[in-house]
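Trainee: Supplied structure: protein_3.tsv, TSV, C-alpha atoms and all ligand atoms.
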chain	number	residue	atom	x	y	z
A	122	MET	CA	-13.20	-17.19	5.66
A	123	SER	CA	-10.35	-14.76	5.57
A	124	ILE	CA	-7.74	-13.23	3.35
A	125	TYR	CA	-4.23	-12.27	4.31
A	126	ALA	CA	-2.53	-9.68	2.12
A	127	VAL	CA	1.26	-9.78	2.44
A	128	CYS	CA	3.52	-6.74	2.24
A	129	THR	CA	7.03	-5.70	3.17
A	130	PRO	CA	7.18	-5.21	6.97
A	131	GLY	CA	6.86	-1.50	7.68
A	132	LEU	CA	4.46	-0.78	4.83
A	133	GLU	CA	1.34	-2.34	6.38
A	134	ARG	CA	-0.50	0.96	6.86
A	135	ALA	CA	-0.48	1.82	3.16
A	136	LEU	CA	-1.74	-1.66	2.29
A	137	ALA	CA	-4.45	-1.53	4.98
A	138	GLU	CA	-5.71	1.80	3.64
A	139	GLU	CA	-5.91	0.37	0.11
A	140	LEU	CA	-7.62	-2.85	1.20
A	141	GLU	CA	-10.23	-0.95	3.17
A	142	GLU	CA	-11.05	1.05	0.04
A	143	LEU	CA	-11.20	-2.04	-2.18
A	144	LEU	CA	-13.17	-4.30	0.15
A	145	GLY	CA	-15.28	-1.62	1.85
A	146	ARG	CA	-14.90	-3.33	5.22
A	147	GLU	CA	-12.70	-3.30	8.29
A	148	VAL	CA	-9.22	-4.79	7.97
A	149	HIS	CA	-6.65	-5.70	10.62
A	150	ILE	CA	-2.96	-4.89	10.48
A	151	GLN	CA	-0.56	-7.71	11.38
A	152	PRO	CA	3.23	-7.64	11.19
A	153	GLY	CA	4.05	-7.99	7.48
A	154	GLY	CA	0.48	-8.01	6.24
A	155	VAL	CA	-3.18	-7.15	6.57
A	156	GLU	CA	-6.04	-9.53	7.36
A	157	ALA	CA	-9.65	-9.15	6.25
A	158	GLU	CA	-12.76	-11.25	5.93
A	159	GLY	CA	-13.30	-12.46	2.39
A	160	ASP	CA	-14.06	-15.38	0.10
A	161	LEU	CA	-12.35	-16.74	-3.02
A	162	VAL	CA	-13.93	-14.09	-5.22
A	163	ASP	CA	-12.65	-11.33	-2.92
A	164	ALA	CA	-9.19	-12.91	-3.05
A	165	ALA	CA	-9.25	-12.90	-6.88
A	166	GLY	CA	-10.57	-9.32	-6.86
A	167	LEU	CA	-7.63	-8.24	-4.72
A	168	CYS	CA	-5.18	-9.96	-7.08
A	169	LEU	CA	-6.78	-7.93	-9.86
A	170	TRP	CA	-6.91	-4.57	-8.07
A	171	SER	CA	-4.39	-4.35	-5.22
A	172	ARG	CA	-1.44	-2.16	-6.18
A	173	CYS	CA	0.20	-2.39	-2.72
A	174	ALA	CA	0.07	-6.12	-1.87
A	175	ALA	CA	3.02	-8.42	-2.54
A	176	LYS	CA	0.77	-11.51	-2.33
A	177	ILE	CA	-2.81	-12.40	-1.49
A	178	LEU	CA	-3.28	-15.51	0.63
A	179	PHE	CA	-6.64	-17.23	0.97
A	180	VAL	CA	-6.68	-18.65	4.49
A	181	LEU	CA	-8.05	-22.21	4.68
A	182	GLY	CA	-7.73	-22.41	8.45
A	183	GLU	CA	-5.55	-23.27	11.39
A	184	VAL	CA	-4.75	-26.79	12.55
A	185	HIS	CA	-2.94	-28.22	15.57
A	186	ALA	CA	0.74	-28.73	14.95
A	187	ALA	CA	2.39	-29.65	18.24
A	188	SER	CA	4.16	-32.47	16.37
A	189	LEU	CA	4.69	-33.53	12.80
A	190	GLN	CA	2.39	-36.49	13.32
A	191	GLN	CA	-0.39	-34.29	14.68
A	192	LEU	CA	-0.04	-31.86	11.78
A	193	GLU	CA	-0.22	-34.69	9.26
A	194	GLN	CA	-3.36	-36.13	10.88
A	195	GLU	CA	-5.03	-32.73	10.94
A	196	VAL	CA	-4.24	-32.11	7.26
A	197	ARG	CA	-5.65	-35.53	6.32
A	198	LYS	CA	-8.93	-34.66	8.08
A	199	LEU	CA	-9.62	-31.78	5.66
A	200	ASP	CA	-11.68	-32.51	2.56
A	201	TRP	CA	-9.14	-31.48	-0.08
A	202	SER	CA	-11.42	-32.55	-2.92
A	203	GLU	CA	-13.60	-29.54	-2.05
A	204	ILE	CA	-10.58	-27.28	-2.32
A	205	LEU	CA	-8.45	-28.74	-5.16
A	206	HIS	CA	-8.99	-30.66	-8.38
A	207	PRO	CA	-7.71	-34.20	-8.69
A	208	GLY	CA	-4.41	-34.07	-10.51
A	209	GLN	CA	-3.71	-30.51	-9.42
A	210	GLN	CA	-0.10	-29.69	-8.70
A	211	VAL	CA	0.51	-28.26	-5.23
A	212	VAL	CA	3.74	-26.63	-4.14
A	213	VAL	CA	4.00	-26.71	-0.34
A	214	LYS	CA	5.97	-23.84	1.17
A	215	VAL	CA	6.72	-23.71	4.87
A	216	ALA	CA	7.45	-20.61	6.91
A	217	GLY	CA	7.49	-19.45	10.53
A	218	ARG	CA	8.69	-21.07	13.72
A	219	GLY	CA	6.79	-23.57	15.76
A	220	ARG	CA	7.21	-26.72	17.80
A	221	ILE	CA	8.11	-28.53	14.58
A	222	LYS	CA	11.56	-27.44	13.52
A	223	HIS	CA	12.04	-29.28	10.26
A	224	HIS	CA	10.41	-27.35	7.47
A	225	ASP	CA	11.43	-29.88	4.87
A	226	ALA	CA	9.66	-32.68	6.73
A	227	VAL	CA	6.52	-30.53	7.09
A	228	SER	CA	6.51	-29.85	3.38
A	229	LYS	CA	6.83	-33.55	2.58
A	230	LYS	CA	4.21	-34.79	5.07
A	231	VAL	CA	1.65	-32.13	4.19
A	232	GLY	CA	2.14	-32.73	0.48
A	233	PHE	CA	1.64	-36.48	0.82
A	234	ALA	CA	-1.37	-36.02	3.12
A	235	ILE	CA	-3.05	-33.83	0.49
A	236	ALA	CA	-2.18	-36.20	-2.35
A	237	ASP	CA	-3.58	-39.15	-0.34
A	238	SER	CA	-6.76	-37.27	0.47
A	239	LEU	CA	-7.29	-36.36	-3.19
A	240	ARG	CA	-6.55	-39.94	-4.20
A	241	ALA	CA	-9.10	-41.24	-1.71
A	242	SER	CA	-11.82	-39.07	-3.23
A	243	ALA	CA	-10.87	-39.54	-6.91
A	244	GLN	CA	-9.04	-42.87	-6.66
A	245	PRO	CA	-5.84	-41.72	-8.31
A	246	THR	CA	-2.44	-42.99	-7.12
A	247	PRO	CA	-0.10	-40.61	-5.33
A	248	LYS	CA	3.19	-39.92	-7.00
A	249	ALA	CA	6.24	-39.46	-4.78
A	250	GLY	CA	6.72	-35.80	-3.92
A	251	LYS	CA	9.17	-34.03	-6.12
A	252	ARG	CA	11.22	-31.11	-5.08
A	253	GLY	CA	9.45	-27.90	-6.12
A	254	ARG	CA	11.12	-25.61	-8.59
A	255	GLY	CA	13.47	-23.25	-6.81
A	256	ALA	CA	13.60	-25.26	-3.57
A	257	LYS	CA	17.04	-25.76	-2.12
A	258	ARG	CA	17.99	-28.68	0.03
A	259	GLY	CA	17.90	-27.50	3.65
A	260	SER	CA	16.68	-23.98	2.75
A	261	ALA	CA	14.67	-22.01	5.30
A	262	ALA	CA	11.49	-22.15	3.22
A	263	PRO	CA	11.42	-25.49	1.43
A	264	LYS	CA	8.89	-26.18	-1.28
A	265	ARG	CA	7.71	-29.47	-2.69
A	266	ARG	CA	5.54	-30.17	-5.64
A	267	PHE	CA	2.99	-32.93	-5.29
A	268	GLN	CA	0.65	-34.32	-7.81
A	269	ALA	CA	-2.10	-36.81	-7.17
A	270	ARG	CA	-2.57	-38.88	-10.32
A	271	GLY	CA	-6.00	-38.40	-11.77
A	272	PRO	CA	-7.56	-36.89	-14.84
A	273	ARG	CA	-4.82	-34.50	-16.01
A	274	ARG	CA	-6.52	-31.21	-16.56
A	275	ASN	CA	-4.96	-27.90	-17.26
A	276	HIS	CA	-5.17	-26.48	-13.73
A	277	ALA	CA	-2.55	-23.92	-12.79
A	278	PRO	CA	-0.18	-25.18	-10.06
A	279	LEU	CA	-1.11	-23.82	-6.65
A	280	THR	CA	1.09	-22.89	-3.75
A	281	LEU	CA	-0.03	-23.91	-0.28
A	282	GLN	CA	1.63	-21.93	2.46
A	283	VAL	CA	2.06	-23.59	5.86
A	284	ARG	CA	2.92	-21.03	8.52
A	285	LEU	CA	4.06	-22.52	11.80
A	286	ASP	CA	3.45	-20.68	15.04
A	287	GLU	CA	4.09	-22.58	18.28
A	288	ARG	CA	1.53	-25.46	18.32
A	289	VAL	CA	-0.49	-24.25	15.37
A	290	ALA	CA	-0.10	-24.26	11.60
A	291	ARG	CA	-2.00	-21.87	9.39
A	292	LEU	CA	-2.80	-23.22	5.93
A	293	SER	CA	-3.33	-20.73	3.13
A	294	LEU	CA	-3.48	-20.84	-0.64
A	295	ASP	CA	-1.43	-18.29	-2.53
A	296	ALA	CA	-4.20	-16.77	-4.60
A	297	GLY	CA	-2.20	-14.94	-7.25
A	298	GLY	CA	1.57	-15.41	-6.89
A	299	LEU	CA	3.94	-12.45	-6.83
A	300	LEU	CA	1.71	-9.49	-7.55
A	301	HIS	CA	4.48	-6.96	-8.13
A	302	LYS	CA	5.22	-8.76	-11.40
A	303	ARG	CA	2.64	-6.83	-13.38
A	304	GLY	CA	4.35	-7.81	-16.63
A	305	TYR	CA	5.10	-4.37	-18.05
A	306	ARG	CA	8.60	-3.87	-16.66
A	307	GLN	CA	10.51	-5.82	-19.28
A	308	SER	CA	12.89	-2.94	-20.07
A	309	THR	CA	15.14	-2.41	-17.11
A	310	ALA	CA	17.28	0.37	-15.71
A	311	LYS	CA	19.48	0.62	-12.61
A	312	ALA	CA	18.04	-0.42	-9.24
A	313	PRO	CA	14.32	-0.27	-9.97
A	314	ILE	CA	11.97	-0.21	-7.01
A	315	ARG	CA	9.35	-2.95	-6.83
A	316	GLU	CA	6.05	-1.90	-8.31
A	317	ASN	CA	3.98	-2.51	-5.16
A	318	LEU	CA	6.55	-0.73	-2.97
A	319	ALA	CA	6.38	2.29	-5.26
A	320	VAL	CA	2.61	2.50	-4.73
A	321	CYS	CA	2.95	2.08	-0.95
A	322	ILE	CA	5.45	4.96	-0.92
A	323	LEU	CA	3.16	7.20	-2.99
A	324	ARG	CA	0.28	6.42	-0.62
A	325	MET	CA	2.37	7.05	2.50
A	326	ALA	CA	3.33	10.45	1.10
A	327	GLY	CA	-0.37	11.26	0.68
A	328	TRP	CA	-0.36	11.12	-3.13
A	329	GLN	CA	-3.58	10.26	-4.87
A	330	PRO	CA	-4.82	10.60	-8.46
A	331	GLY	CA	-5.23	14.24	-9.42
A	332	VAL	CA	-2.27	15.48	-7.36
A	333	PRO	CA	0.56	16.70	-9.65
A	334	LEU	CA	3.53	14.34	-9.55
A	335	VAL	CA	7.18	14.78	-10.56
A	336	ASP	CA	9.51	11.77	-10.92
A	337	PRO	CA	12.84	13.40	-11.86
A	338	MET	CA	15.12	10.31	-11.62
A	339	CYS	CA	12.71	7.83	-13.11
A	340	GLY	CA	14.98	4.85	-13.94
A	341	ALA	CA	12.63	2.21	-15.37
A	342	GLY	CA	9.70	4.54	-14.69
A	343	THR	CA	8.06	2.64	-11.84
A	344	PHE	CA	6.71	5.61	-9.85
A	345	SER	CA	5.33	7.41	-12.91
A	346	ILE	CA	3.83	4.28	-14.48
A	347	GLU	CA	2.20	3.08	-11.27
A	348	ALA	CA	0.80	6.56	-10.60
A	349	ALA	CA	-0.54	6.78	-14.17
A	350	MET	CA	-2.13	3.32	-13.94
A	351	TRP	CA	-3.75	4.24	-10.64
A	352	ALA	CA	-5.00	7.58	-12.00
A	353	ALA	CA	-6.46	5.92	-15.11
A	354	ASP	CA	-7.97	3.01	-13.14
A	355	VAL	CA	-5.86	0.47	-15.01
A	356	ALA	CA	-6.07	-2.73	-12.96
A	357	PRO	CA	-2.56	-3.99	-12.14
A	358	GLY	CA	-3.29	-7.75	-12.19
A	359	LEU	CA	-5.09	-8.65	-15.39
A	360	LYS	CA	-3.70	-12.20	-15.66
A	361	PRO	CA	-6.10	-14.81	-14.22
A	362	PRO	CA	-4.76	-15.73	-10.78
A	363	PRO	CA	-4.49	-19.50	-9.98
A	364	VAL	CA	-7.29	-19.23	-7.43
A	365	THR	CA	-9.83	-18.67	-10.23
A	366	GLY	CA	-9.32	-22.29	-11.35
A	367	LEU	CA	-10.32	-23.84	-8.02
A	368	PRO	CA	-13.44	-26.04	-7.76
A	369	GLY	CA	-15.10	-23.55	-5.39
A	370	PHE	CA	-14.57	-20.55	-7.67
A	371	PRO	CA	-17.86	-19.51	-9.32
A	372	ASP	CA	-18.02	-19.88	-13.12
A	373	ASP	CA	-17.71	-16.60	-15.01
A	374	ALA	CA	-16.88	-14.57	-11.86
A	375	TRP	CA	-13.36	-13.80	-13.15
A	376	LYS	CA	-14.65	-12.88	-16.61
A	377	THR	CA	-17.18	-10.51	-15.07
A	378	MET	CA	-14.50	-8.87	-12.89
A	379	LEU	CA	-12.15	-8.55	-15.83
A	380	ASP	CA	-14.81	-7.02	-18.09
A	381	GLU	CA	-15.65	-4.51	-15.35
A	382	ALA	CA	-11.96	-3.70	-14.86
A	383	LYS	CA	-11.44	-3.11	-18.57
A	384	SER	CA	-14.43	-0.83	-18.84
A	385	ALA	CA	-13.33	1.12	-15.73
A	386	GLN	CA	-10.14	2.32	-17.48
A	387	SER	CA	-10.17	6.01	-18.35
A	388	LEU	CA	-7.07	6.44	-20.47
A	389	ALA	CA	-8.08	9.51	-22.40
A	390	SER	CA	-7.42	12.14	-19.76
A	391	GLU	CA	-4.11	14.03	-19.66
A	392	LEU	CA	-2.26	13.18	-16.43
A	393	PRO	CA	-0.33	15.76	-14.36
A	394	ILE	CA	2.87	13.69	-14.21
A	395	LEU	CA	6.34	14.94	-15.20
A	396	THR	CA	9.06	12.32	-15.64
A	397	ALA	CA	12.82	12.62	-16.30
A	398	ASP	CA	16.19	10.89	-16.03
A	399	ARG	CA	19.59	11.95	-17.29
A	400	ASP	CA	20.22	8.48	-18.72
A	401	LYS	CA	18.95	7.84	-22.27
A	402	GLY	CA	18.58	4.09	-21.67
A	403	ALA	CA	16.42	4.76	-18.58
A	404	CYS	CA	14.18	7.15	-20.56
A	405	ARG	CA	13.76	4.56	-23.32
A	406	ALA	CA	12.98	1.85	-20.75
A	407	THR	CA	10.38	4.08	-19.09
A	408	GLN	CA	8.65	4.81	-22.38
A	409	GLU	CA	8.61	1.14	-23.42
A	410	ASN	CA	7.40	-0.03	-20.01
A	411	ALA	CA	4.67	2.62	-19.93
A	412	SER	CA	3.36	1.60	-23.32
A	413	ARG	CA	3.24	-2.06	-22.21
A	414	ALA	CA	1.35	-0.95	-19.10
A	415	GLY	CA	-1.14	0.89	-21.31
A	416	VAL	CA	-0.31	4.41	-20.09
A	417	HIS	CA	1.42	7.33	-21.74
A	418	ILE	CA	4.61	8.67	-20.13
A	419	ALA	CA	7.04	10.83	-22.07
A	420	PRO	CA	10.26	11.23	-20.03
A	421	VAL	CA	12.57	14.19	-20.50
A	422	CYS	CA	16.14	13.00	-20.92
A	423	LYS	CA	18.02	15.60	-18.85
A	424	ASP	CA	19.99	16.08	-15.67
A	425	ILE	CA	17.84	16.98	-12.66
A	426	SER	CA	19.32	20.51	-12.54
A	427	LYS	CA	17.71	21.40	-15.90
A	428	ALA	CA	15.09	18.76	-16.49
A	429	PHE	CA	11.80	20.59	-16.74
A	430	GLU	CA	11.07	23.54	-19.01
A	431	THR	CA	7.36	23.28	-18.31
A	432	THR	CA	6.01	22.85	-14.82
A	433	LEU	CA	2.70	21.82	-13.37
A	434	GLU	CA	0.35	23.88	-11.32
A	435	GLY	CA	1.29	22.85	-7.80
A	436	PRO	CA	1.99	22.27	-5.15
A	437	GLY	CA	2.22	18.57	-5.78
A	438	LEU	CA	4.60	15.76	-4.90
A	439	VAL	CA	8.14	15.02	-6.06
A	440	VAL	CA	9.06	11.33	-5.68
A	441	LEU	CA	12.52	9.84	-6.06
A	442	ASN	CA	14.91	7.11	-5.02
A	443	PRO	CA	18.30	8.54	-6.00
A	444	PRO	CA	21.33	6.26	-6.22
A	445	TYR	CA	22.53	5.16	-2.79
A	446	GLY	CA	25.27	2.93	-1.47
A	447	VAL	CA	25.48	0.00	0.90
A	448	ARG	CA	28.26	1.39	3.09
A	449	VAL	CA	28.39	4.66	5.03
A	450	ALA	CA	31.45	5.70	3.01
A	451	ASP	CA	29.47	5.30	-0.25
A	452	ASN	CA	26.79	7.58	1.11
A	453	VAL	CA	29.32	10.21	2.20
A	454	LYS	CA	30.56	10.30	-1.42
A	455	LEU	CA	26.97	10.80	-2.60
A	456	ALA	CA	26.40	13.86	-0.39
A	457	PRO	CA	27.19	16.40	-3.19
A	458	LEU	CA	24.63	14.71	-5.51
A	459	TYR	CA	21.91	14.94	-2.83
A	460	HIS	CA	22.85	18.57	-2.19
A	461	LYS	CA	22.46	19.25	-5.92
A	462	ILE	CA	19.10	17.43	-6.00
A	463	GLY	CA	17.84	19.65	-3.15
A	464	GLY	CA	18.92	22.85	-4.92
A	465	ALA	CA	17.46	21.79	-8.27
A	466	LEU	CA	14.11	20.76	-6.80
A	467	ARG	CA	13.75	23.89	-4.66
A	468	ALA	CA	14.39	26.02	-7.76
A	469	GLN	CA	11.85	24.19	-9.92
A	470	PHE	CA	9.20	23.10	-7.40
A	471	PRO	CA	9.22	25.48	-4.41
A	472	GLY	CA	6.65	24.63	-1.76
A	473	TRP	CA	6.05	21.09	-3.13
A	474	ARG	CA	6.21	18.01	-0.94
A	475	VAL	CA	9.04	15.58	-1.59
A	476	VAL	CA	9.16	11.89	-0.75
A	477	MET	CA	12.41	10.00	-1.04
A	478	VAL	CA	13.74	6.51	-0.40
A	479	CYS	CA	17.29	6.43	0.92
A	480	PRO	CA	19.24	4.53	3.61
A	481	ASP	CA	20.60	7.51	5.46
A	482	LYS	CA	18.82	10.36	7.25
A	483	ALA	CA	21.79	12.74	6.92
A	484	LEU	CA	21.86	12.13	3.16
A	485	ALA	CA	18.10	12.70	2.89
A	486	GLY	CA	18.55	15.91	4.89
A	487	ARG	CA	20.74	17.32	2.07
A	488	VAL	CA	17.60	17.51	-0.11
A	489	ALA	CA	15.21	19.13	2.38
A	490	LYS	CA	14.27	19.04	6.04
A	491	MET	CA	12.96	15.50	6.23
A	492	GLU	CA	10.85	13.37	8.51
A	493	GLU	CA	11.38	9.59	8.43
A	494	LEU	CA	7.99	7.91	7.98
A	495	VAL	CA	9.11	4.31	8.12
A	496	ARG	CA	12.07	2.00	7.48
A	497	PHE	CA	11.93	-1.18	5.45
A	498	LYS	CA	14.25	-3.56	3.64
A	499	ASN	CA	14.72	-2.91	-0.06
A	500	GLY	CA	16.89	-5.47	-1.84
A	501	GLY	CA	18.39	-6.45	1.53
A	502	ILE	CA	19.32	-2.85	2.45
A	503	SER	CA	17.53	-1.02	5.26
A	504	VAL	CA	16.09	2.19	3.79
A	505	GLY	CA	13.91	4.98	5.11
A	506	VAL	CA	10.97	6.73	3.47
A	507	TYR	CA	11.53	10.45	4.04
A	508	VAL	CA	9.06	13.25	3.47
A	509	GLY	CA	9.69	16.95	3.55
A	510	GLN	CA	8.83	20.24	1.91
A	511	LEU	CA	10.90	21.98	-0.75
B	1	LIG	C1	17.79	4.09	-8.30
B	1	LIG	S1	17.50	4.66	-9.89
B	1	LIG	C2	15.79	5.07	-9.87
B	1	LIG	C3	14.93	3.85	-9.99
B	1	LIG	C4	13.51	4.16	-10.35
B	1	LIG	N1	12.77	4.81	-9.29
B	1	LIG	C5	12.81	2.88	-10.78
B	1	LIG	O1	11.97	2.37	-10.04
B	1	LIG	O2	13.17	2.33	-11.80
B	1	LIG	C6	18.25	6.23	-9.89
B	1	LIG	C7	18.17	6.94	-11.22
B	1	LIG	O3	18.69	8.26	-11.05
B	1	LIG	C8	19.26	8.66	-12.28
B	1	LIG	N2	20.15	9.79	-12.01
B	1	LIG	C9	21.32	9.78	-11.32
B	1	LIG	N3	21.83	11.03	-11.27
B	1	LIG	C10	20.97	11.84	-11.94
B	1	LIG	C11	20.94	13.25	-12.22
B	1	LIG	N4	21.91	14.05	-11.80
B	1	LIG	N5	19.89	13.73	-12.91
B	1	LIG	C12	18.90	12.92	-13.34
B	1	LIG	N6	18.87	11.59	-13.12
B	1	LIG	C13	19.90	11.06	-12.41
B	1	LIG	C14	19.95	7.41	-12.77
B	1	LIG	O4	20.14	7.48	-14.18
B	1	LIG	C15	18.98	6.30	-12.34
B	1	LIG	O5	18.13	5.94	-13.39
Would you give me this structure, written as structure tokens?
Ligand SMILES: C[S@@+](CC[C@H](N)C(=O)[O-])C[C@H]1O[C@@H](n2cnc3c(N)ncnc32)[C@H](O)[C@@H]1O
Mentor:
Amino acid sequence: MSIYAVCTPGLERALAEELEELLGREVHIQPGGVEAEGDLVDAAGLCLWSRCAAKILFVLGEVHAASLQQLEQEVRKLDWSEILHPGQQVVVKVAGRGRIKHHDAVSKKVGFAIADSLRASAQPTPKAGKRGRGAKRGSAAPKRRFQARGPRRNHAPLTLQVRLDERVARLSLDAGGLLHKRGYRQSTAKAPIRENLAVCILRMAGWQPGVPLVDPMCGAGTFSIEAAMWAADVAPGLKPPPVTGLPGFPDDAWKTMLDEAKSAQSLASELPILTADRDKGACRATQENASRAGVHIAPVCKDISKAFETTLEGPGLVVLNPPYGVRVADNVKLAPLYHKIGGALRAQFPGWRVVMVCPDKALAGRVAKMEELVRFKNGGISVGVYVGQL
């Protein structure tokens, strides 16, 4: 049995490092994710504890898929009553490229094959597949929601991912949905970075709990809050993931994990994290988000050039994603701001490491002499993660 943890392409190394720590076993980097051996309980544990993963998939297996007919037959052969409850809603999502070109047809056939198989074991009647919420006609990744009629129990809907690759389809259950949605970031500010990306960036820059951290343009507070949660062992995914409701999931295993996670929290200690933003709304959002996340962050509401009266014993890490533009011309206009950031940080935190997300190497170079660690897509824009020394 295996688990596939999904991440933004480019950030696999950070995720692999985290998964190795959490699972205590070897993991394998793939493009856009990390694979490891593991069962349903491991998958739920990763939904609870992984700060870097975008999703955790529980891999059911690979089946032949040279044609739509072959795929359908192969799916029918599986004993779905061992995997799903009768009456359970399944959203079928299709991705990848294989011999079968029509994702929508795959979604429909697989959904009906599962519904039929569940009906055969529980004698319910299949209901015609309905379009899944959010699915667009003809979209690249269609979804369908299927429900085999049977005793209607309160099982969370599950997403089955079908990934096509030449003559093979890999079937996986989405164990916990979108893991970056921790639930605390209800107060927003401009252009927040996704929670799991923020942790990947901190990891790539070599940050770990105990290292002093400065987040001088905090926006909605993502870097500071994620660092504080990590330092205080606050588990990021406390909501029960759908996988815990499956027939094969051991009774009480989630409760035990959750109890352990709650008792692992060590919120009392003072954390070496300084946070600021010149925008009052951003500071308020950070404070509100932090309190929802269960950590204490008190942002200073000042411009970066005069933000911190107190400092921390360093050297530590400064992390920031300053405003950036989509076009080269936008970034040229931003050059003076980046120049100012460099000057302000060198004055306040000499000798510290700095990690920054920004689309343009020349712009990053205005802050310090930078090395580009990796590039990835953030909100559709190609950005680099730059590290340097102040
Ligand atoms: C892209 S946002 C940061 C997003 C943040 N990392 C998050 O995840 O929410 C950039 C932030 O820089 C702040 N900012 C811009 N110029 C600033 C300056 N001169 N001093 C301090 N903060 C500044 C903005 O108010 C904005 O909140």
Trainee: Would you name the residues within 10 Å of ligand LIG 1 (chain B), counting all atoms listed in the file, and put them as a ChimeraX atom specification?
Mentor: /A:306,308-316,318-319,336-347,397-404,406-407,421-428,440-445,458-459,461-462,465,477-479
Trainee: Dump C-alpha atoms for the selected residues as a compact mmCIF listing (two decimals), keeping the file's coordinate frame?
Mentor:
# COMPACT_ATOMS: atom_id res chain seq x y z
CA ARG A 306 8.60 -3.87 -16.66
CA SER A 308 12.89 -2.94 -20.07
CA THR A 309 15.14 -2.41 -17.11
CA ALA A 310 17.28 0.37 -15.71
CA LYS A 311 19.48 0.62 -12.61
CA ALA A 312 18.04 -0.42 -9.24
CA PRO A 313 14.32 -0.27 -9.97
CA ILE A 314 11.97 -0.21 -7.01
CA ARG A 315 9.35 -2.95 -6.83
CA GLU A 316 6.05 -1.90 -8.31
CA LEU A 318 6.55 -0.73 -2.97
CA ALA A 319 6.38 2.29 -5.26
CA ASP A 336 9.51 11.77 -10.92
CA PRO A 337 12.84 13.40 -11.86
CA MET A 338 15.12 10.31 -11.62
CA CYS A 339 12.71 7.83 -13.11
CA GLY A 340 14.98 4.85 -13.94
CA ALA A 341 12.63 2.21 -15.37
CA GLY A 342 9.70 4.54 -14.69
CA THR A 343 8.06 2.64 -11.84
CA PHE A 344 6.71 5.61 -9.85
CA SER A 345 5.33 7.41 -12.91
CA ILE A 346 3.83 4.28 -14.48
CA GLU A 347 2.20 3.08 -11.27
CA ALA A 397 12.82 12.62 -16.30
CA ASP A 398 16.19 10.89 -16.03
CA ARG A 399 19.59 11.95 -17.29
CA ASP A 400 20.22 8.48 -18.72
CA LYS A 401 18.95 7.84 -22.27
CA GLY A 402 18.58 4.09 -21.67
CA ALA A 403 16.42 4.76 -18.58
CA CYS A 404 14.18 7.15 -20.56
CA ALA A 406 12.98 1.85 -20.75
CA THR A 407 10.38 4.08 -19.09
CA VAL A 421 12.57 14.19 -20.50
CA CYS A 422 16.14 13.00 -20.92
CA LYS A 423 18.02 15.60 -18.85
CA ASP A 424 19.99 16.08 -15.67
CA ILE A 425 17.84 16.98 -12.66
CA SER A 426 19.32 20.51 -12.54
CA LYS A 427 17.71 21.40 -15.90
CA ALA A 428 15.09 18.76 -16.49
CA VAL A 440 9.06 11.33 -5.68
CA LEU A 441 12.52 9.84 -6.06
CA ASN A 442 14.91 7.11 -5.02
CA PRO A 443 18.30 8.54 -6.00
CA PRO A 444 21.33 6.26 -6.22
CA TYR A 445 22.53 5.16 -2.79
CA LEU A 458 24.63 14.71 -5.51
CA TYR A 459 21.91 14.94 -2.83
CA LYS A 461 22.46 19.25 -5.92
CA ILE A 462 19.10 17.43 -6.00
CA ALA A 465 17.46 21.79 -8.27
CA MET A 477 12.41 10.00 -1.04
CA VAL A 478 13.74 6.51 -0.40
CA CYS A 479 17.29 6.43 0.92
Trainee: Please list as a PyMOL selection string every residue within 9 Å of Glu434 in chain A, counting only C-alpha atoms and excluding residues in the same chain fewer than 3 positions away.
Mentor: chain A and resi 333+393+437
Trainee: For CA of Gln307 in chain A and CA of Arg405 in chain A, quote the distance in Å rounded to one decimal.
Mentor: 11.6 Å
Trainee: Do you know which residues are at most 10 Å from Gln329 in chain A counting only C-alpha atoms, after dropping those on the same chain fewer than 6 positions away, and could you put them as a list of chain:residue names?
Mentor: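 Close residues of Gln329 in chain A: A:Val320, A:Leu323, A:Ala348, A:Trp351, A:Ala352, A:Leu438.
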Trainee: Hey, could you pull the box centre and edge lengths for range 307-317 of chain A, axis-aligned, 3 Å padding per side, all listed atoms, to one decimal in Å, as lines of an AutoDock Vina configuration file?
Mentor:
center_x = 11.7
center_y = -2.6
center_z = -12.6
size_x = 21.5
size_y = 12.4
size_z = 20.9
Trainee: Quick one: residues within 9 Å of Ala174 in chain A, all atoms listed in the file, excluding same-chain residues fewer than 4 positions away - as a ChimeraX atom specification?
Mentor: /A:126-129,136,140,154,167-168,299-301,317-318,321
Trainee: Between A:Pro363, A:Pro278, A:Glu195, A:Asp380, which residue has the minimum interatomic distance to Val231 in chain A, considering only C-alpha atoms?
Mentor: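 For Val231 in chain A, the nearest of the candidates is A:Glu195.
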Trainee: Would you work out the distance separating CA of Ala456 in chain A from CA of Gly501 in chain A, expressed in Å to one decimal?
Mentor: 21.9 Å
Trainee: Please identify all polymer residues within 10 Å of Lys498 in chain A, counting only C-alpha atoms, omitting same-chain residues fewer than 5 positions from it, and present them as a VMD selection string.
Mentor: chain A and resid 129 to 131 480 503 to 505
Trainee: Rounded to one decimal place, report the CA of Thr280 in chain A-CA of Gly297 in chain A distance in Å.
Mentor: 9.3 Å
Trainee: From the options A:Met350, A:Glu156, A:Arg284, A:Leu199, which residue's atoms come nearest to Gly217 in chain A, counting all atoms listed in the file?
Mentor: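 Checking each candidate against Gly217 in chain A, we get A:Arg284 as the closest.
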Trainee: Restricting the calculation to all atoms listed in the file, which member of A:Ala356, A:Val196, A:Val416, A:Leu484 is positioned closest to His460 in chain A?
Mentor: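 Between A:Ala356, A:Val196, A:Val416, A:Leu484, the residue approaching His460 in chain A most closely is A:Leu484.
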Trainee: Can you list, as a list in words, every protein, DNA or RNA residue that comes within 10 Å of Lys490 in chain A when you count all atoms listed in the file, leaving out same-chain residues fewer than 6 positions away?
Mentor: Gly463, Val475, Lys482, Ala483, Tyr507, Val508, Gly509, Gln510 and Leu511 of chain A
